[in-house]
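Printed here is my_file-v1.txt (compact mmCIF, C-alpha atoms and all ligand atoms):
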```
# COMPACT_ATOMS: atom_id res chain seq x y z
CA LEU A 1 0.10 15.73 7.25
CA GLU A 2 -1.24 17.46 4.18
CA HIS A 3 -4.69 18.84 3.77
CA ASN A 4 -5.94 17.82 0.38
CA ARG A 5 -8.16 20.55 -1.00
CA SER A 6 -10.02 18.49 -3.55
CA THR A 7 -10.97 15.77 -1.05
CA GLU A 8 -11.25 17.90 2.10
CA ARG A 9 -9.51 15.06 3.94
CA MET A 10 -6.16 14.73 5.67
CA ILE A 11 -3.81 12.87 3.36
CA PHE A 12 -0.31 11.59 4.20
CA PRO A 13 2.42 12.41 1.63
CA THR A 14 3.43 8.75 1.13
CA VAL A 15 4.64 8.85 -2.46
CA ASP A 16 4.66 11.51 -5.14
CA TYR A 17 6.20 12.46 -8.47
CA ARG A 18 7.36 16.05 -8.62
CA ARG A 19 9.63 17.70 -11.16
CA GLY A 20 11.08 14.50 -12.56
CA ILE A 21 11.73 12.95 -9.13
CA VAL A 22 9.94 10.22 -7.15
CA ARG A 23 9.48 11.48 -3.61
CA ILE A 24 8.71 9.11 -0.76
CA LEU A 25 8.46 9.52 2.98
CA ASP A 26 11.13 7.08 4.22
CA GLN A 27 9.14 4.68 6.38
CA THR A 28 12.19 2.93 7.79
CA ARG A 29 13.04 6.14 9.67
CA LEU A 30 9.64 6.52 11.31
CA PRO A 31 8.74 7.38 13.99
CA LEU A 32 12.05 9.10 14.79
CA GLU A 33 12.36 11.17 11.64
CA GLU A 34 10.10 12.39 8.88
CA HIS A 35 12.52 12.29 6.01
CA VAL A 36 11.54 12.62 2.35
CA LEU A 37 13.73 10.64 -0.04
CA GLU A 38 14.24 11.85 -3.60
CA LEU A 39 14.60 8.94 -5.99
CA ARG A 40 15.91 9.24 -9.52
CA GLY A 41 15.45 6.33 -11.90
CA PRO A 42 13.90 2.89 -11.52
CA GLU A 43 16.93 1.41 -9.75
CA GLU A 44 16.51 3.73 -6.78
CA VAL A 45 12.76 3.17 -6.67
CA ALA A 46 13.23 -0.62 -6.80
CA ALA A 47 15.73 -0.46 -3.93
CA ALA A 48 13.34 1.66 -1.85
CA ILE A 49 10.54 -0.89 -2.36
CA ARG A 50 12.81 -3.82 -1.53
CA GLU A 51 14.06 -2.11 1.64
CA LEU A 52 10.50 -1.17 2.75
CA LYS A 53 11.21 2.55 2.59
CA VAL A 54 7.91 2.60 0.79
CA ARG A 55 5.62 -0.30 1.65
CA GLY A 56 1.99 -1.45 1.79
CA ALA A 57 0.28 -2.93 -1.25
CA PRO A 58 -1.31 0.16 -2.86
CA ALA A 59 1.72 2.36 -2.08
CA ILE A 60 4.16 0.00 -3.77
CA GLY A 61 1.84 -0.15 -6.80
CA ILE A 62 1.97 3.63 -7.10
CA ALA A 63 5.72 3.69 -6.44
CA ALA A 64 6.25 1.09 -9.19
CA ALA A 65 4.22 3.17 -11.66
CA TYR A 66 6.37 6.16 -10.76
CA GLY A 67 9.49 4.00 -11.11
CA MET A 68 8.43 3.36 -14.72
CA LEU A 69 7.86 7.09 -15.21
CA ALA A 70 11.31 7.80 -13.79
CA ALA A 71 12.76 5.39 -16.37
CA LEU A 72 10.90 7.22 -19.11
CA GLU A 73 12.03 10.58 -17.77
CA LYS A 74 15.63 9.38 -17.86
CA ILE A 75 15.62 8.11 -21.43
CA MET A 76 13.61 10.98 -22.87
CA LYS A 77 15.83 13.55 -21.25
CA ARG A 78 18.84 11.76 -22.66
CA GLY A 79 17.28 12.13 -26.11
CA SER A 80 16.46 15.78 -25.66
CA GLY A 81 19.80 16.81 -24.22
CA ASP A 82 17.86 18.75 -21.59
CA ARG A 83 19.89 17.90 -18.53
CA ALA A 84 18.78 20.56 -16.10
CA GLY A 85 15.02 20.42 -16.58
CA TYR A 86 12.35 17.83 -16.02
CA LEU A 87 9.60 16.41 -18.18
CA PHE A 88 6.92 15.11 -15.84
CA ASP A 89 5.26 16.44 -12.72
CA ARG A 90 2.10 15.20 -11.03
CA VAL A 91 0.66 18.67 -10.57
CA GLU A 92 1.84 20.27 -13.82
CA GLY A 93 1.38 17.09 -15.89
CA ALA A 94 3.68 16.46 -18.87
CA ARG A 95 5.61 19.45 -20.13
CA GLU A 96 6.66 19.94 -23.73
CA ILE A 97 8.45 16.72 -24.65
CA PRO A 98 11.31 17.30 -27.11
CA ALA A 99 12.12 13.71 -28.00
CA HIS A 100 14.79 14.21 -30.63
CA GLY A 101 17.11 11.34 -31.31
CA ILE A 102 15.05 8.84 -29.39
CA THR A 103 13.09 6.01 -30.95
CA ALA A 104 10.04 4.04 -29.88
CA GLU A 105 12.36 1.05 -29.67
CA ASN A 106 14.67 2.86 -27.20
CA ILE A 107 11.70 3.65 -24.99
CA ARG A 108 10.27 0.14 -25.10
CA ASP A 109 13.67 -1.37 -24.25
CA GLU A 110 14.22 1.00 -21.35
CA LEU A 111 10.76 0.39 -19.91
CA ALA A 112 11.00 -3.38 -20.32
CA GLY A 113 14.20 -3.29 -18.26
CA ALA A 114 12.59 -1.08 -15.63
CA ARG A 115 9.56 -3.35 -15.44
CA ALA A 116 11.69 -6.45 -14.90
CA LEU A 117 13.61 -4.69 -12.15
CA LEU A 118 10.54 -3.34 -10.35
CA ALA A 119 8.68 -6.66 -10.69
CA SER A 120 11.54 -8.45 -8.92
CA THR A 121 11.30 -6.39 -5.73
CA ARG A 122 8.47 -7.99 -3.73
CA PRO A 123 6.31 -10.93 -4.85
CA THR A 124 3.19 -10.90 -2.68
CA ALA A 125 1.26 -7.65 -3.16
CA VAL A 126 -0.50 -7.96 -6.51
CA ASN A 127 -0.94 -4.17 -6.72
CA LEU A 128 2.68 -3.95 -7.84
CA PHE A 129 2.04 -6.13 -10.91
CA TRP A 130 -1.36 -4.55 -11.48
CA ALA A 131 0.25 -1.11 -11.74
CA LEU A 132 3.07 -2.36 -13.99
CA ASP A 133 0.47 -3.99 -16.27
CA ARG A 134 -1.46 -0.74 -16.52
CA ILE A 135 1.68 1.16 -17.52
CA GLU A 136 2.56 -1.50 -20.05
CA ALA A 137 -0.93 -1.37 -21.57
CA ALA A 138 -0.75 2.43 -21.81
CA LEU A 139 2.58 2.14 -23.58
CA GLY A 140 1.17 -0.47 -25.94
CA ALA A 141 -1.77 1.79 -26.82
CA ALA A 142 0.45 4.80 -27.56
CA GLY A 143 1.74 3.67 -30.95
CA ASP A 144 5.26 4.50 -32.15
CA ASP A 145 5.48 8.23 -31.60
CA PRO A 146 7.90 8.86 -28.69
CA VAL A 147 6.07 12.02 -27.62
CA GLN A 148 2.75 10.18 -27.51
CA MET A 149 4.37 7.33 -25.61
CA GLY A 150 5.67 9.77 -23.02
CA ARG A 151 2.32 11.48 -22.63
CA ARG A 152 0.33 8.26 -22.32
CA VAL A 153 2.62 6.66 -19.76
CA ALA A 154 2.74 9.81 -17.63
CA LYS A 155 -1.03 10.16 -17.77
CA GLU A 156 -1.47 6.55 -16.68
CA ALA A 157 0.99 6.81 -13.78
CA PHE A 158 -0.73 9.93 -12.43
CA ALA A 159 -4.16 8.33 -12.97
CA ILE A 160 -3.12 5.27 -10.93
CA HIS A 161 -2.15 7.54 -8.04
CA GLU A 162 -5.23 9.74 -8.24
CA GLU A 163 -7.70 6.88 -8.68
CA GLU A 164 -6.25 4.96 -5.73
CA LEU A 165 -6.87 7.94 -3.48
CA GLU A 166 -10.49 8.16 -4.65
CA VAL A 167 -10.84 4.42 -4.07
CA GLU A 168 -9.53 4.72 -0.50
CA LEU A 169 -12.04 7.43 0.30
CA ALA A 170 -14.82 5.21 -1.08
CA ILE A 171 -13.58 2.32 1.08
CA GLY A 172 -13.67 4.61 4.12
CA ARG A 173 -17.19 5.75 3.33
CA HIS A 174 -18.51 2.22 2.69
CA GLY A 175 -16.80 0.73 5.74
CA SER A 176 -17.66 3.40 8.27
CA PRO A 177 -21.08 1.90 9.23
CA LEU A 178 -19.21 -1.15 10.60
CA ILE A 179 -17.68 1.08 13.28
CA ARG A 180 -19.80 2.06 16.26
CA ASN A 181 -19.21 4.45 19.10
CA GLY A 182 -17.26 2.95 21.99
CA MET A 183 -15.92 -0.03 20.03
CA ASN A 184 -12.52 -1.61 20.68
CA ILE A 185 -10.94 -2.50 17.35
CA LEU A 186 -7.79 -4.50 16.73
CA THR A 187 -5.60 -3.88 13.69
CA HIS A 188 -2.44 -5.59 12.49
CA CYS A 189 0.45 -4.08 10.52
CA ASN A 190 -0.27 -0.79 8.77
CA ALA A 191 -3.05 -0.33 6.24
CA GLY A 192 -3.21 3.43 6.59
CA GLY A 193 -2.15 6.45 4.60
CA LEU A 194 1.47 5.34 4.54
CA ALA A 195 0.56 2.00 2.95
CA THR A 196 -1.51 3.63 0.22
CA ALA A 197 -2.07 6.79 -1.81
CA GLY A 198 -2.34 8.68 1.49
CA TYR A 199 -5.68 7.94 3.20
CA GLY A 200 -5.71 4.23 3.90
CA THR A 201 -7.84 1.11 3.60
CA ALA A 202 -8.37 -0.57 7.00
CA LEU A 203 -7.35 2.63 8.77
CA GLY A 204 -9.27 4.62 6.14
CA VAL A 205 -12.46 3.00 7.43
CA LEU A 206 -11.54 4.13 10.94
CA TYR A 207 -10.60 7.63 9.76
CA TRP A 208 -13.93 8.06 8.00
CA ALA A 209 -15.83 6.88 11.07
CA PHE A 210 -13.78 9.23 13.25
CA GLU A 211 -14.41 12.15 10.88
CA GLU A 212 -18.12 11.37 11.19
CA GLY A 213 -17.78 11.95 14.91
CA LYS A 214 -17.62 8.38 16.19
CA ARG A 215 -15.23 7.70 19.06
CA PHE A 216 -13.58 4.33 19.63
CA THR A 217 -10.29 2.74 20.71
CA VAL A 218 -7.83 1.14 18.33
CA TYR A 219 -5.56 -1.63 19.57
CA ALA A 220 -2.50 -1.81 17.32
CA ASP A 221 -0.44 -5.00 17.14
CA GLU A 222 3.22 -4.00 17.08
CA THR A 223 3.75 -6.36 14.10
CA ARG A 224 7.09 -8.10 14.36
CA PRO A 225 9.63 -8.29 12.88
CA LEU A 226 9.72 -4.76 11.45
CA LEU A 227 7.13 -3.09 13.69
CA GLN A 228 4.90 -1.47 11.09
CA GLY A 229 2.20 -1.38 13.78
CA ALA A 230 4.33 0.21 16.49
CA ARG A 231 6.26 2.58 14.26
CA ILE A 232 3.72 3.56 11.62
CA THR A 233 0.13 2.72 12.63
CA THR A 234 0.42 4.34 16.05
CA TRP A 235 2.15 7.34 14.43
CA GLU A 236 -0.75 7.79 12.00
CA LEU A 237 -3.51 7.25 14.55
CA ARG A 238 -1.97 9.64 17.05
CA ARG A 239 -1.56 12.27 14.34
CA ARG A 240 -5.29 12.07 13.81
CA GLY A 241 -6.11 12.16 17.50
CA ILE A 242 -7.58 8.66 17.62
CA GLU A 243 -7.24 6.81 20.93
CA THR A 244 -4.62 4.14 20.35
CA ILE A 245 -3.22 1.35 22.49
CA LEU A 246 -0.12 -0.49 21.32
CA LEU A 247 0.37 -4.14 22.22
CA CYS A 248 2.86 -6.89 21.53
CA ASP A 249 1.53 -9.33 18.94
CA ASN A 250 1.43 -12.10 21.51
CA ALA A 251 -0.85 -10.07 23.81
CA ALA A 252 -3.80 -10.13 21.40
CA ALA A 253 -5.26 -13.47 22.55
CA SER A 254 -5.44 -12.32 26.17
CA LEU A 255 -7.38 -9.22 25.12
CA PHE A 256 -9.91 -11.32 23.22
CA ALA A 257 -10.21 -13.68 26.17
CA ALA A 258 -10.93 -10.73 28.45
CA GLY A 259 -13.71 -9.56 26.11
CA ARG A 260 -11.84 -6.38 25.29
CA ILE A 261 -11.90 -6.63 21.47
CA ASP A 262 -15.12 -6.13 19.50
CA ALA A 263 -13.79 -6.49 15.95
CA ALA A 264 -10.60 -6.67 13.90
CA ILE A 265 -9.89 -4.84 10.68
CA VAL A 266 -6.83 -5.31 8.47
CA GLY A 267 -5.63 -4.62 4.92
CA ALA A 268 -4.62 -7.13 2.26
CA ASP A 269 -1.78 -7.74 -0.16
CA ARG A 270 -3.55 -10.15 -2.49
CA ILE A 271 -7.03 -11.69 -2.51
CA ALA A 272 -7.58 -14.84 -4.58
CA ALA A 273 -10.72 -15.62 -6.61
CA ASN A 274 -12.21 -17.59 -3.70
CA GLY A 275 -11.62 -14.80 -1.14
CA ASP A 276 -8.51 -16.24 0.54
CA THR A 277 -6.52 -13.21 1.65
CA ALA A 278 -2.79 -12.65 2.07
CA ASN A 279 -1.72 -9.99 4.54
CA LYS A 280 1.16 -9.31 6.94
CA ILE A 281 2.41 -12.33 8.87
CA GLY A 282 0.31 -12.71 12.01
CA THR A 283 -2.97 -11.75 10.36
CA LEU A 284 -4.08 -15.40 10.25
CA GLY A 285 -3.70 -15.59 14.03
CA VAL A 286 -5.92 -12.54 14.45
CA ALA A 287 -8.57 -14.09 12.17
CA ILE A 288 -8.51 -17.34 14.15
CA LEU A 289 -8.93 -15.39 17.38
CA CYS A 290 -11.94 -13.59 15.92
CA GLU A 291 -13.54 -16.89 15.00
CA ARG A 292 -12.77 -18.45 18.41
CA PHE A 293 -14.24 -15.49 20.30
CA GLY A 294 -17.12 -14.81 17.92
CA LYS A 295 -15.98 -11.38 16.72
CA PRO A 296 -16.11 -10.02 13.16
CA PHE A 297 -12.91 -10.09 11.12
CA TYR A 298 -12.95 -7.41 8.43
CA VAL A 299 -10.57 -6.91 5.52
CA ALA A 300 -10.47 -3.58 3.69
CA ALA A 301 -8.92 -3.56 0.22
CA PRO A 302 -9.19 -1.88 -3.15
CA TRP A 303 -10.18 -3.84 -6.24
CA SER A 304 -6.52 -3.59 -7.38
CA THR A 305 -5.66 -6.07 -4.60
CA PHE A 306 -7.93 -8.81 -6.00
CA ASP A 307 -6.18 -11.38 -8.16
CA THR A 308 -9.01 -13.34 -9.73
CA LYS A 309 -6.55 -15.17 -11.99
CA ILE A 310 -5.55 -17.40 -9.09
CA PRO A 311 -8.21 -19.74 -7.71
CA SER A 312 -7.12 -19.84 -4.07
CA GLY A 313 -4.69 -18.60 -1.47
CA SER A 314 -2.33 -21.54 -1.94
CA GLU A 315 -1.26 -19.93 -5.25
CA ILE A 316 -0.27 -16.64 -3.61
CA PRO A 317 3.53 -16.27 -3.58
CA ILE A 318 4.66 -15.55 -0.04
CA GLU A 319 7.75 -13.41 0.35
CA GLU A 320 10.42 -14.71 2.70
CA ARG A 321 12.75 -12.04 3.97
CA GLY A 322 16.27 -12.13 5.34
CA SER A 323 17.19 -13.65 8.68
CA ARG A 324 18.73 -10.41 9.98
CA GLU A 325 15.26 -8.98 10.48
CA VAL A 326 14.79 -11.63 13.17
CA THR A 327 18.26 -12.19 14.65
CA ALA A 328 19.04 -8.52 15.19
CA PHE A 329 17.05 -5.58 16.32
CA TRP A 330 17.99 -2.04 15.35
CA GLY A 331 21.65 -2.91 15.27
CA ARG A 332 21.72 -5.29 18.25
CA GLU A 333 21.99 -9.08 18.14
CA THR A 334 18.95 -10.87 19.59
CA ALA A 335 19.92 -14.48 18.80
CA PRO A 336 23.14 -16.50 18.90
CA PRO A 337 25.26 -16.26 15.74
CA GLY A 338 24.31 -18.88 13.14
CA THR A 339 20.71 -19.32 14.34
CA THR A 340 18.43 -20.66 11.61
CA VAL A 341 15.44 -18.41 10.94
CA TYR A 342 12.00 -18.70 9.36
CA ASN A 343 10.86 -15.24 8.28
CA PRO A 344 7.80 -15.21 6.01
CA ALA A 345 6.47 -11.67 5.47
CA PHE A 346 2.84 -12.71 4.87
CA ASP A 347 0.30 -15.38 5.67
CA VAL A 348 -2.97 -16.42 4.06
CA THR A 349 -6.29 -16.19 5.87
CA PRO A 350 -8.89 -18.56 4.40
CA ALA A 351 -12.03 -16.85 3.11
CA SER A 352 -14.11 -18.81 5.62
CA LEU A 353 -12.62 -16.69 8.44
CA VAL A 354 -13.36 -13.36 6.74
CA THR A 355 -16.64 -11.76 7.82
CA ALA A 356 -16.60 -9.14 5.07
CA ILE A 357 -14.27 -7.33 2.67
CA VAL A 358 -14.76 -3.58 2.41
CA THR A 359 -14.05 -2.43 -1.16
CA GLU A 360 -14.67 0.76 -3.12
CA ARG A 361 -17.61 -1.08 -4.67
CA GLY A 362 -19.25 -1.66 -1.30
CA ILE A 363 -19.12 -4.21 1.49
CA MET A 364 -18.73 -7.80 0.32
CA GLU A 365 -20.17 -10.05 2.98
CA ARG A 366 -18.97 -13.64 3.27
CA PRO A 367 -16.48 -13.32 0.41
CA GLY A 368 -16.24 -16.30 -1.90
CA GLU A 369 -16.17 -17.17 -5.57
CA GLY A 370 -19.76 -16.12 -6.21
CA THR A 371 -19.65 -12.80 -4.38
CA ILE A 372 -16.28 -11.91 -5.90
CA ARG A 373 -17.56 -12.69 -9.40
CA ARG A 374 -20.55 -10.42 -8.79
CA PHE A 375 -18.32 -7.60 -7.56
CA ALA A 376 -15.95 -8.14 -10.51
CA ALA A 377 -18.88 -7.49 -12.80
CA GLY A 378 -19.28 -4.14 -11.07
CA ALA A 379 -21.92 -4.98 -8.48
CA GLY A 380 -21.62 -3.60 -5.03
O1 LIG B 401 5.54 -5.72 4.40
P1 LIG B 401 4.56 -4.60 4.28
O2 LIG B 401 4.73 -3.56 5.34
O3 LIG B 401 4.55 -4.00 2.90
O4 LIG B 401 3.15 -5.29 4.51
C1 LIG B 401 2.00 -4.48 4.41
C2 LIG B 401 0.73 -5.17 4.77
O5 LIG B 401 0.69 -6.33 5.05
C3 LIG B 401 -0.52 -4.34 4.67
O6 LIG B 401 -1.46 -4.76 5.59
C4 LIG B 401 -1.10 -4.49 3.26
O7 LIG B 401 -0.14 -4.19 2.29
C5 LIG B 401 -2.30 -3.66 3.05
S1 LIG B 401 -1.91 -1.96 2.95
C6 LIG B 401 -3.31 -1.07 2.64
```

Using the file provided, produce a representation of the structure as structure tokens.
Amino acid sequence: LEHNRSTERMIFPTVDYRRGIVRILDQTRLPLEEHVLELRGPEEVAAAIRELKVRGAPAIGIAAAYGMLAALEKIMKRGSGDRAGYLFDRVEGAREIPAHGITAENIRDELAGARALLASTRPTAVNLFWALDRIEAALGAAGDDPVQMGRRVAKEAFAIHEEELEVELAIGRHGSPLIRNGMNILTHCNAGGLATAGYGTALGVLYWAFEEGKRFTVYADETRPLLQGARITTWELRRRGIETILLCDNAAASLFAAGRIDAAIVGADRIAANGDTANKIGTLGVAILCERFGKPFYVAAPWSTFDTKIPSGSEIPIEERGSREVTAFWGRETAPPGTTVYNPAFDVTPASLVTAIVTERGIMERPGEGTIRRFAAGAG
């Protein structure tokens, strides 16, 4: 856990760009090991996203931006002949860029290839495409001077990272009033610091409330098949000293029935123009339970997760992942060989089941076309 001096908050080191290298905390090794991977070039970043070494909608957006920067670093260093050094660093910014022998065309070609590769990794979280679009726009605005192109792209990648962290803190601050002392709150998957720039969205709301002195209990769904809840959410919450109870996904209904859940809060991977929300598979079940038992169902998400170009949730592409995630568990077979598997990574919760969406622009109650249009115009 890092203490961020500018924010005065505890921030997890999820993803970073230091001295020409993308650094990520390998989430597939948690909770056993805290291992930082050093990724060079867009191919390695794309593989890390695909394999969920870095995951969660905002975090993969930032990682994709840094994947583009790694591509730029590679080609510009090739042009400069400077093999030992590095060009870009989040803290130091861009160093002197000696772009001899490299043309605007070379850079555009390299980045177009990197974009295609990174865009092919995971289809559901719109933050990935949002970040790639921002980098592309920065490149487009830089003109034909390679040095300017380098500077603009680096500035944009670091801005994406920095702004997302600010946004998460704003989400925490806006959402905190929803959390009261003594509450029992259910969450699904991981929408914490490791899914984001380092603070969190759904868990960010809980962190802010906790930092304000409120005390409550978090029930964490283990989140099959890959256990983001068991491995990552409980790890984060325990690090912060928040009372946490882990449960199997299929235990949630019995808790609601026993009156032991007061609210649910989750993150999102993509929110359509009408408020339909994609999130980790199993989220829809939690939302239905909230409706059945009369409890609020909250979503916390940055504006970068809204995709107002698509009218409804039925247009959200849902990633289907490999069968091995279901037929084997940490190296051990759990189903007979040849078993047919259905393994969607996300589901869509209709807007009608969402009590409110906490954004950096404020709390959006009863999300729908009208409220989302108002928030898009900057209201909050
Ligand atoms: O497959 P994952 O682990 O990337 O899925 C992550 C989620 O579903 C999160 O809830 C979502 O990305 C929001 S993260 C703030």

Exercise for the section: Quick one: everything within 6 Å of Val266 (chain A), counting only C-alpha atoms, minus sequence neighbours fewer than 3 positions away in the same chain. Send it as a list of chain:residue names. Expected result: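 Residues near the query, excluding close chain neighbours: A:Thr187, A:His188, A:Ala202, A:Val299.
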
Problem - From A:Ala104, A:Ile271, A:Ile21, A:Cys189, residue lying nearest ligand LIG 401 (chain B) [all atoms listed in the file] - result: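 So, comparing all the options, the nearest one is A:Cys189.
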
Handout entry: Non-local contacts of Ala46 (chain A) (8 Å; all atoms listed in the file; under 2 positions in same chain excluded) as number ranges by chain
Key = A: 42-44, 48-50, 64, 67, 117-118, 121

Exercise for the section: Could you check which of A:Phe293, A:Leu353, A:Glu211, A:Ala263 is closest to Arg9 (chain A), using only C-alpha atoms? Expected result: A:Glu211

Exercise for the section: May I ask which of the residues A:Glu38, A:Val205, A:Ile11, A:Pro31 is the closest one to Thr234 (chain A), counting all atoms listed in the file? Expected result: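 Looking at the shortest contact to Thr234 (chain A), the residue is A:Pro31.
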
Exercise for the section: Using all atoms listed in the file, find each residue with an atom at most 9 Å away from ligand LIG 401 (chain B) and format the answer as a VMD selection string. Expected result: chain A and resid 49 52 54 to 60 122 124 to 125 188 to 196 200 to 204 226 to 228 266 to 270 278 to 281 283 300 to 302 305 319 345 to 346

Practice task
Just the residues within 9 Å of Pro350 (chain A), please, counting all atoms listed in the file, with nothing from its chain fewer than 4 positions along; format it as JSON, numbers by chain.
Solution key: {"A": [274, 275, 276, 277, 278, 284, 287, 312, 313, 354]}

Problem - Minimum-distance residue to His35 (chain A), chosen among A:Cys290, A:Lys53, A:Phe329, A:Trp208 (using only C-alpha atoms) - result: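 Checking each of A:Cys290, A:Lys53, A:Phe329, A:Trp208 against His35 (chain A), counting only C-alpha atoms, the winner is A:Lys53.
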
Exercise for the section: Tell me which of A:Leu30, A:Leu37, A:Met76, A:Val348 sits closest to Glu315 (chain A), counting all atoms listed in the file. Expected result: A:Val348

Practice task
Mind checking which residues fall within 8 Å of region 359-374 of chain A, counting all atoms listed in the file, ignoring those fewer than 4 positions away in the same chain, and posting them as a list in words?
Solution key: Val167, Glu168, Leu169, Ala170, Ile171, His174, Gly175, Ala273, Asn274, Gly275, Ala300, Ala301, Pro302, Trp303, Ala351, Ser352, Val354, Thr355, Gly378, Ala379 and Gly380 of chain A

Output the selection as a short mmCIF file (atom, residue, chain, number, x, y, z; two decimals), in the coordinates of the input - C-alpha atoms for each residue.
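Once everything was written out, this is part10.cif:
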```
data_model
loop_
_atom_site.label_atom_id
_atom_site.label_comp_id
_atom_site.auth_asym_id
_atom_site.auth_seq_id
_atom_site.Cartn_x
_atom_site.Cartn_y
_atom_site.Cartn_z
CA VAL A 167 -10.84 4.42 -4.07
CA GLU A 168 -9.53 4.72 -0.50
CA LEU A 169 -12.04 7.43 0.30
CA ALA A 170 -14.82 5.21 -1.08
CA ILE A 171 -13.58 2.32 1.08
CA HIS A 174 -18.51 2.22 2.69
CA GLY A 175 -16.80 0.73 5.74
CA ALA A 273 -10.72 -15.62 -6.61
CA ASN A 274 -12.21 -17.59 -3.70
CA GLY A 275 -11.62 -14.80 -1.14
CA ALA A 300 -10.47 -3.58 3.69
CA ALA A 301 -8.92 -3.56 0.22
CA PRO A 302 -9.19 -1.88 -3.15
CA TRP A 303 -10.18 -3.84 -6.24
CA ALA A 351 -12.03 -16.85 3.11
CA SER A 352 -14.11 -18.81 5.62
CA VAL A 354 -13.36 -13.36 6.74
CA THR A 355 -16.64 -11.76 7.82
CA GLY A 378 -19.28 -4.14 -11.07
CA ALA A 379 -21.92 -4.98 -8.48
CA GLY A 380 -21.62 -3.60 -5.03
#
```

Exercise for the section: Give me, please, the distance in Å between CA of Lys214 (chain A) and CA of Ala258 (chain A), quoted to one decimal. Expected result: 23.7 Å

Practice task
Enter the distance from CA of Ala71 (chain A) to CA of Leu165 (chain A), in Å, rounded to one decimal.
Solution key: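 Result for CA of Ala71 (chain A) versus CA of Leu165 (chain A): 23.6 Å, one decimal.
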
Practice task
For CA of Thr103 (chain A) and CA of Tyr17 (chain A), quote the distance in Å rounded to one decimal.
Solution key: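 Between these atoms lies a distance of 24.4 Å.
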